[in-house]
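Q: Handing you a structure now.
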There are 2 protein chains.
Amino acid sequence: MEVHKVVSPPHKSSFQKLKARLKETFFPDDPLRQFKGQPLKQKLVLGAQYVFPILQWGPNYTLKLLKSDIVSGLTIASLAIPQGISYAKLANLPPIVGLYSSFVPPLVYAVLGSSRDLAVGPVSIASLIMGSMLRQEVSPSKDPLLFLQLAFSSTFFAGLFQASLGILRLGFIIDFLSKATLIGFMAGAAIIVSLQQLKALLGITNFTKQMGLVPVLSSVFHRTNEWSWQTILMGFCFLVMLLVARHVGMRKPKLFWVSAGAPLASVILSTLLVFAFKAQHHGISVIGKLQEGLNPPSWNMLHFHGSHLGLVMKTGLITGIISLTEGIAVGRTFAALKNYQVDGNKEMIAIGMMNMVGSSTSCYVTTGAFSRSAVNHNAGAKTAVSNIIMAVTVMVTLLFLMPLFQYTPNVVLGAIIVTAVIGLIDVPAAYYIWKIDKFDFLVMLCAFFGVIFISVQEGVAIAVGLSIFKVLMQITRPKTVTLGNIPGTHIYRNLHQYKEAAGVPGFLILSIEAPINFANTTYLNERILRWIEDYEAEEEEEGNKQQSGLRFLILDLSAVSAIDTSGVSLFKDLRKIVENKGLEASTLELQFRIPFFFILLSSDCLESQLVLVNPLGEVMEKLQRADEAHDLSRPDCLFLTVGEAVASLLSTVKGQSSSHV
Amino acid sequence: MEVHKVVSPPHKSSFQKLKARLKETFFPDDPLRQFKGQPLKQKLVLGAQYVFPILQWGPNYTLKLLKSDIVSGLTIASLAIPQGISYAKLANLPPIVGLYSSFVPPLVYAVLGSSRDLAVGPVSIASLIMGSMLRQEVSPSKDPLLFLQLAFSSTFFAGLFQASLGILRLGFIIDFLSKATLIGFMAGAAIIVSLQQLKALLGITNFTKQMGLVPVLSSVFHRTNEWSWQTILMGFCFLVMLLVARHVGMRKPKLFWVSAGAPLASVILSTLLVFAFKAQHHGISVIGKLQEGLNPPSWNMLHFHGSHLGLVMKTGLITGIISLTEGIAVGRTFAALKNYQVDGNKEMIAIGMMNMVGSSTSCYVTTGAFSRSAVNHNAGAKTAVSNIIMAVTVMVTLLFLMPLFQYTPNVVLGAIIVTAVIGLIDVPAAYYIWKIDKFDFLVMLCAFFGVIFISVQEGVAIAVGLSIFKVLMQITRPKTVTLGNIPGTHIYRNLHQYKEAAGVPGFLILSIEAPINFANTTYLNERILRWIEDYEAEEEEEGNKQQSGLRFLILDLSAVSAIDTSGVSLFKDLRKIVENKGLEASTLELQFRIPFFFILLSSDCLESQLVLVNPLGEVMEKLQRADEAHDLSRPDCLFLTVGEAVASLLSTVKGQSSSHV
């Protein structure tokens with residue numbers, strides 16, 4: 001039988017390896033590939049298109065595309081105006097800041113962003129976190145100007161952090177927020193946000209400043225005397241209406257406009273009702289007078305020093321990463337649906353720039369909103385022009401329509417928020433996770449209950465910590481499985497998984513299913529010893545005279561992707577142990593121990609042997625480098641497949657013995 | 001050709017899986033195995049032997065063993081007495097505490113410990129750390145009693161922490177101190193310890209309180225006026241003598257007694273010299289009067305509350321983990337040499353109990369010392385009785401010989417410490433690490449320079465952090481390699497590593513070499529897309545008419561040991577992308593695109609296809625559970641080996657086409 005040699009990959013210097021490694025870490029998508037071999041002029045054009053994606057699709061823009069974008073732009077504007085006002089209130093900011101934030105950032109994104117479906121603006125979760133974090137140090141009611149300044153400053157730092165992540169190509173950091181963490185976190189945040197709306201929905205005036213489930217509910221039920229039946233009735237009617245519209249929109253995607261238009265319709269209807277019945281005098285609170293005009297500049301309001309700097313940076317960091325995660329996830333989801341690519345790091349720079357520009361034009365933190373982007377997509381958006389249309393609509397509103405919102409009741413804004421965030425609770429996804437991976441489900445529950453009962457930041461931190469802990473545990477306790485031969489083939493597979501597979505007498509074939517490093521060398525050593533003992537105990541138990549003792553320990557390294565210095569010493573230790581095992585068997589037992597081969601072995605090959613199979617490139621290299629000392633990569637204990645190893649070793653044993661007879 | 005089915009492992013409930021997982025995590029060595037199926041009485045005997053290993057080897061103890069143990073016991077005692085005094089001074093404790101600590105702990109270890117070679121007592125690094133950490137809050141010269149109390153309390157917490165790690169079976173935590181970290185850390189600590197000895201070696205009276213390289217050297221050279229030539233001369237002579245003795249002992253293991261006896265000989269010789277020349281009046285500082293008698297009880301000196309509790313617990317934790325690491329590593333090293341097993345968790349309980357008992361009998365933190373254990377082993381120690389002999393010798397010293405040490409000069413103690421710690425600098429090991437793994441070398445350097453320039457704790461923390469970061473990076477950026485066929489076989493291997501391997505036209509065969517989880521799903525998605533693009537670009541470049549386009553993307557999952565919910569969605573996304581790729585190819589191109597098979601395909605099978613190969617147990621299970629939604633585990637895109645997949649897919653394609661012609 002032909003035996004194939006295991007070889008090392010071609011030699012590379014440490015510097016070349018480092019370069020390849022760094023490239024793979026920071027430039028996995030190889031963004032400069034398209035520049036290769038182009039003339040200088042073309043390179044400049046490509047470079048400009050890379051920085052401003054609008055230059056890429058802009059020249060090919062057609063009237064037909066514009067039609068689709070106008071429809072979708074108007075649709076999301078009808079959603080963005082009431083949501084903007086609502087979310088700003090959620091962040092304890094003046095309602096108009098929500099509209100400012102729906103005007104400038106979408107324009108910036110249209111120039112820099114590469115997603116065609118993202119609808120940009122304020123979002124519920126980031127608004128909630130910013131509001132609650134800043135309120136820890138400054139009261140929005142007692143010192144509204146300072147609060148506003150801190151909000152803009154936090155937005156600046158959020159943008160700076162987001163853009164830096166993109167420029168430094170550290171975008172993979174947001175990957176550590178796993179799907180399970182996000183689902184749990186979003187559901188928890190939805191509940192926290194909805195609870196905050198009880199203030200508006202019940203008409204309570206002295207609402208608690210805390211966010212947790214327990215303090216909010218206890219505060220609500222301790223103030224039943226403040227409940228206003230007019231507000232509750234109105235809120236209930238509009239909530240039912242909005243939920244029905246949402247349901248219709250979800251069930252029939254063609255009727256998306258029902259759910260998309262419902263918030264604006266509610267705002268108009270409720271404003272008319274209040275105006276007609278003078279309901280503001282009957283216990284229904286309204287937004288009140290709003291300033292007219294476009295975004296005033298705010299760069300003079302940014303705080304880069306002073307006593308609140310720590311809070312501002314922390315708030316920026318957390319809202320930055322949370323809103324970034326939402327924006328990137330939304331962008332990727334719709335890119336996958338329409339089969340185009342979104343470059344994560346580039347998107348981060350776009351979102352970061354948008355927030356930095358926003359912070360100096362009276363906008364607070366914005367990103368791509370999930371619900372509005374879905375509506376945008378359903379309404380047929382083709383390019384980022386839909387964001388421009390939305391921004392123009394918001395501009396018109398800011399310039400001319402602000403007085404109309406004076407009588408809009410707060411209760412309707414609460415109902416709009418509840419309807420929007422209820423979609424963040426994804427029960428089927430939670431069930432799917434439960435079905436596939438119980439540990440992921442645990443991570444999800446930790447995120448959910450952590451957010452509800454402790455705080456948004458800590459809930460997420462616990463879930464991320466738990467996810468990383470799981471990965472580390474997988475490394476610390478890697479799986480080892482015994483392999484057996486699938487009859488009639490040279491294939492060796494897990495004996496436990498494949499019932500038809502059968503062990504080869506005298507051979508213990510183990511597969512190690514993880515990189516071998518400092519964190520698991522000790523464990524692997526102990527575990528492999530136990531496999532050997534189990535193997536020997538089983539042979540003894542069977543008590544058959546056909547037993548052959550352990551002759552060969554074969555380690556299949558196909559799944560060992562990397563190894564370090566501790567890992568190399570594992571093989572050295574194992575070899576010593578295995579060879580000692582063999583020597584322990586006295587030569588007297590010889591004739592009884594190996595009758596399986598119907599032969600008598602010479603005593604010098606009684607010694608058990610450690611055999612390595614299919615070391616991958618890096619592992620093979622390190623074995624060779626360690627070789628002077630340990631002689632691990634000599635050809636007679638290194639094979640390309642388990643099948644070849646077994647066949648070759650069996651024939652050697654037979655050969656040796658027959659020559660001896 | 002016969003095709004083998006991929007199957008799931010037998011069904012297990014989540015509870016069973018959790019149980020198996022917990023067992024593998026906390027009981028990898030299955031310590032209760034020997035109890036299985038034994039009668040109750042035998043179980044009790046085995047249990048007692050498990051807790052007190054002395055009951056296991058004690059009954060078989062013979063006079064012959066005793067002889068060996070007496071020789072080795074006396075040898076290590078001659079080393080332990082001067083080292084005990086020196087290390088106690090290193091920890092800023094009265095010298096006699098070093099002798100106390102060489103009396104009680106070895107007796108406790110002899111009863112509870114399972115190593116036959118460990119020589120127990122105070123060690124340099126733990127002494128250094130304890131002394132420097134406690135000195136941060138309390139001055140050993142101004143308030144010696146409080147300092148002593150804190151040292152005993154820290155020792156108690158160190159023991160408690162060590163024993164808890166063992167009882168809770170969390171021993172694997174010390175595995176995170178990788179070999180590279182330890183080598184760097186020990187070399188750094190050796191330098192820090194040696195620098196501290198400049199005080200004694202140069203005869204400086206006002207020495208700096210800091211530990212770092214820079215402050216110590218600057219202090220030493222700013223106080224040249226305090227240098228005492230008598231001390232320097234004496235120190236130099238004895239240092240040379242000790243180093244020569246050490247060198248002899250290392251070169252000829254049979255002359256181990258030269259290096260083992262040298263410290264005691266130096267102490268005796270120098271004491272006689274001082275006594276004869278009354279050198280204490282000529283600038284040579286001596287130990288001074290020492291108290292006689294055995295260890296006084298000290299449990300009333302333990303602090304469990306009060307202002308220093310935090311420091312005491314922190315010191316206990318750090319000295320505990322550092323001394324534990326040394327003790328376990330030493331025990332394992334010699335167990336491997338003599339081919340017996342040391343149970344890490346059991347050893348932790350033994351070392352922990354020894355320190356808890358020690359803390360209430362005037363001992364400070366102790367463990368198995370590397371240098372003394374090596375001498376013990378070379379001197380022929382057979383069992384822990386050598387520790388008992390050593391303890392008895394120290395007892396005799398404490399009772400009757402203490403006045404003899406009154407004139408022992410401090411400079412000799414300094415020389416003894418320097419000679420002992422110089423062996424901790426392991427240059428060949430550092431070179432070996434450099435040769436095998438550059439990143440491990442970086443970790444080592446960080447530990448080394450961190451310890452020298454920052455502090456012992458922070459140096460180690462940086463190195464451990466870096467090691468874990470590397471592991472996480474391996475997960476975040478797993479390797480993907482293209483496979484090709486090794487001619488004349490059904491074996492597929494890395495095209496880059498095996499130059500003779502050849503790709504199969506129309507097939508892109510990728511192997512993913514890591515578990516697929518939340519941290520790398522995005523990366524893998526991008527990377528695999530780039531592989532596809534590269535594949536297509538290469539085909540275009542070659543420009544041959546024989547090109548066949550991408551027909552099958554085969555993912556070899558042999559090295560994917562685990563998967564989570566994010567990982568499952570990767571396959572779903574990839575399938576969609578691959579199928580779209582196929583559809584993009586217009587039917588017109590058909591005749592040109594697949595002439596490789598010399599056939600015309602019906603348009604319905606133009607579609608590219610994603611094929612999975614050899615999913616391991618857990619991965620297969622999760623694919624099946626996700627199946628209702630994604631249809632990933634249907635037999636026609638799931639194969640046992642790459643060879644079977646390629647053969648089977650090629651024959652299907654041929655079959656379809658010929659039926660069409």
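Labeling convention for the structure tokens: chains A, B, ... as they appear, residues from 1 per chain, ligands from 1 in order of appearance.
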Counting only C-alpha atoms, which residues from chain B have an atom at most 8 Å from any atom of chain A, and could you show them as a PyMOL selection string?
A: chain B and resi 7-10+14+24-25+28-29+172+175-180+336+339+432-433+435-438+440+472+477+479+496-498+513-514+518-520+522-523+526-527+530+558-561+564-566+573+577+617+622+625-626
Q: Now that the selection is made, can you save its residues with C-alpha atoms as a compact mmCIF listing (two decimals), in the first residue's frame?
A:
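Below you can see selection-v1.txt, which holds the result:
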# COMPACT_ATOMS: atom_id res chain seq x y z
CA VAL B 7 -25.47 10.36 10.92
CA SER B 8 -26.16 12.11 14.19
CA PRO B 9 -24.79 10.75 17.44
CA PRO B 10 -27.37 8.84 19.55
CA SER B 14 -30.12 18.30 27.40
CA GLU B 24 -15.66 16.67 31.75
CA THR B 25 -15.09 20.18 33.07
CA PRO B 28 -11.64 15.09 33.78
CA ASP B 29 -9.59 12.56 35.73
CA PHE B 172 -7.50 24.41 35.74
CA ASP B 175 -3.26 26.40 33.57
CA PHE B 176 -3.85 29.91 32.31
CA LEU B 177 -0.34 30.72 33.49
CA SER B 178 1.25 29.31 30.38
CA LYS B 179 4.80 28.00 30.23
CA ALA B 180 5.91 31.13 28.40
CA ALA B 336 6.54 12.69 34.97
CA ASN B 339 6.25 7.96 35.88
CA TYR B 432 13.27 27.09 22.51
CA ILE B 433 10.12 29.21 22.77
CA LYS B 435 12.24 28.95 17.87
CA ILE B 436 8.81 27.38 18.07
CA ASP B 437 6.33 30.19 18.65
CA LYS B 438 7.10 33.88 18.25
CA ASP B 440 4.65 32.85 23.00
CA LEU B 472 -9.69 34.71 21.32
CA ARG B 477 -10.16 34.88 12.78
CA LYS B 479 -8.18 29.75 9.26
CA HIS B 496 -0.91 25.45 -0.04
CA GLN B 497 0.73 22.80 2.14
CA TYR B 498 0.70 19.90 -0.37
CA GLU B 513 -10.44 25.17 11.06
CA ALA B 514 -12.24 26.39 14.18
CA PHE B 518 -20.93 34.49 17.07
CA ALA B 519 -17.36 35.84 17.19
CA ASN B 520 -16.41 34.63 13.71
CA THR B 522 -19.32 37.56 10.02
CA TYR B 523 -15.64 37.06 9.28
CA GLU B 526 -16.78 37.63 4.22
CA ARG B 527 -13.77 35.35 3.90
CA ARG B 530 -13.58 36.35 -1.02
CA SER B 558 -13.93 18.01 9.98
CA ALA B 559 -12.22 20.63 12.11
CA VAL B 560 -15.36 22.45 13.26
CA SER B 561 -15.69 21.11 16.78
CA ASP B 564 -23.83 27.92 17.90
CA THR B 565 -26.98 29.56 16.57
CA SER B 566 -25.03 32.26 14.74
CA ASP B 573 -26.61 32.73 4.30
CA ILE B 577 -25.35 33.44 -1.84
CA GLY B 617 -21.46 14.96 16.33
CA LYS B 622 -27.58 21.27 15.51
CA ARG B 625 -32.44 20.70 14.66
CA ALA B 626 -32.21 23.81 12.48
Q: Residues of segment 205-451 of chain A classed as helix (DSSP H, G or I) by DSSP on the backbone are to be reported as an MDAnalysis selection string.
A: chainID A and resid 213:222 224:226 229:251 253:277 279:281 299:301 309:338 344:359 370:378 385:407 410:422 427:436 438:451
Q: Please indicate the distance in Å from atom CA of Ala265 of chain A to atom CA of Val412 of chain A, rounded to one decimal place.
A: 10.6 Å
Q: Set the distance at 12 Å and use only C-alpha atoms: which residues neighbour Ala151 of chain A once local chain neighbours fewer than 4 positions away are removed? I'd like the list as number ranges by chain.
A: A: 88, 91-94, 97, 126-135, 138, 140, 144-147, 155-158, 298, 301-303, 308-309, 311-316, 319, 355, 358-360, 362-366
Q: Hey, what's within 10 Å of Lys209 of chain B if we count only C-alpha atoms and toss same-chain stuff fewer than 5 positions away? As a PyMOL selection string, please?
A: chain B and resi 132+135-136+139+196+215-216+219
Q: Show which residues sit within 7 Å of segment 117-123 of chain B, as a PyMOL selection string. Count only C-alpha atoms, and ignore same-chain residues fewer than 2 positions away.
A: chain B and resi 84+87+98+101-102+105-106+115+125-127+331+334+365-369+372-373+376-377+381+383-384+387
Q: Could you take the residues named above and write them with N, CA and C atoms, as a compact mmCIF listing (two decimals), in the first residue's frame?
A:
# COMPACT_ATOMS: atom_id res chain seq x y z
N GLY B 84 15.67 29.13 54.46
CA GLY B 84 14.53 29.56 55.28
C GLY B 84 14.81 30.92 55.90
N TYR B 87 14.95 33.63 53.00
CA TYR B 87 13.68 33.99 52.38
C TYR B 87 12.79 34.77 53.34
N GLY B 98 11.20 31.88 58.98
CA GLY B 98 11.59 31.01 57.88
C GLY B 98 11.84 29.59 58.36
N SER B 101 8.61 27.95 59.30
CA SER B 101 7.89 27.54 58.09
C SER B 101 8.51 26.32 57.43
N SER B 102 9.71 25.94 57.88
CA SER B 102 10.30 24.71 57.34
C SER B 102 10.07 23.55 58.29
N PRO B 105 4.83 22.96 58.03
CA PRO B 105 4.25 22.61 56.71
C PRO B 105 4.76 21.31 56.12
N PRO B 106 6.05 20.98 56.21
CA PRO B 106 6.48 19.70 55.62
C PRO B 106 5.80 18.50 56.29
N SER B 115 2.83 13.92 46.07
CA SER B 115 4.11 13.88 45.36
C SER B 115 5.17 13.24 46.25
N ILE B 125 10.04 33.56 45.35
CA ILE B 125 9.12 34.47 44.66
C ILE B 125 7.94 34.85 45.55
N ALA B 126 7.32 33.82 46.19
CA ALA B 126 6.18 34.12 47.05
C ALA B 126 6.62 35.01 48.21
N SER B 127 7.83 34.78 48.73
CA SER B 127 8.33 35.63 49.83
C SER B 127 8.45 37.06 49.36
N GLY B 331 5.68 19.44 41.29
CA GLY B 331 5.16 18.08 41.53
C GLY B 331 4.97 17.32 40.23
N PHE B 334 8.38 16.20 38.45
CA PHE B 334 9.06 15.03 38.97
C PHE B 334 8.20 13.78 38.86
N VAL B 365 3.72 31.82 54.04
CA VAL B 365 3.29 30.99 52.91
C VAL B 365 4.42 30.04 52.43
N THR B 366 4.07 28.77 52.22
CA THR B 366 5.04 27.75 51.78
C THR B 366 4.48 26.97 50.59
N THR B 367 5.36 26.33 49.87
CA THR B 367 4.93 25.47 48.76
C THR B 367 6.09 24.53 48.44
N GLY B 368 5.95 23.76 47.37
CA GLY B 368 7.06 22.92 46.94
C GLY B 368 8.06 23.78 46.18
N ALA B 369 9.29 23.82 46.66
CA ALA B 369 10.29 24.69 46.05
C ALA B 369 11.00 23.95 44.94
N ARG B 372 14.97 23.07 45.84
CA ARG B 372 15.12 22.05 46.87
C ARG B 372 14.53 20.70 46.43
N SER B 373 13.42 20.75 45.66
CA SER B 373 12.84 19.48 45.20
C SER B 373 13.80 18.77 44.24
N ASN B 376 16.33 17.19 46.38
CA ASN B 376 15.67 16.04 47.02
C ASN B 376 15.64 14.84 46.07
N HIS B 377 15.23 15.11 44.84
CA HIS B 377 15.15 14.06 43.84
C HIS B 377 16.53 13.47 43.56
N ALA B 381 15.44 10.82 47.16
CA ALA B 381 14.22 10.74 47.96
C ALA B 381 13.26 9.75 47.34
N THR B 383 10.03 8.84 49.23
CA THR B 383 8.67 9.21 49.64
C THR B 383 8.71 10.54 50.40
N ALA B 384 7.51 10.95 50.85
CA ALA B 384 7.40 12.19 51.60
C ALA B 384 8.09 12.10 52.95
N ASN B 387 10.60 14.69 53.74
CA ASN B 387 10.11 15.94 54.32
C ASN B 387 10.06 15.85 55.84
Q: Which residue is closest to Gly235 of chain B? Choose from B:Leu269, B:Leu201, B:Ile349, B:Leu508 and count only C-alpha atoms.
A: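 That would be B:Leu201, the residue with the smallest distance to Gly235 of chain B.
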Q: Within 9 Å of Lys382 of chain A, counting only C-alpha atoms, which residues show up once you throw out same-chain ones fewer than 5 positions away? Write them as number ranges by chain, please.
A: A: 65-66, 68-69, 72, 116-117, 377
Q: What parts of segment 187-430 of chain B does DSSP call strand (DSSP E or B)? I'd like the answer as an NGL selection string.
A: :B and (286 or 367-368 or 409)
Q: Quick one: write out the picked residues with C-alpha atoms as a PDB file, in the first residue's frame?
A:
ATOM      1  CA  VAL B 286      24.997  39.948  61.244  1.00  0.00           C
ATOM      2  CA  THR B 367       4.935  25.468  48.764  1.00  0.00           C
ATOM      3  CA  GLY B 368       7.063  22.919  46.941  1.00  0.00           C
ATOM      4  CA  PRO B 409      26.565  37.650  58.353  1.00  0.00           C
TER       5      PRO B 409
END
Q: Provide the atom CA of Ser648 of chain B to atom CA of Glu579 of chain B distance in Å, to one decimal place.
A: 19.2 Å
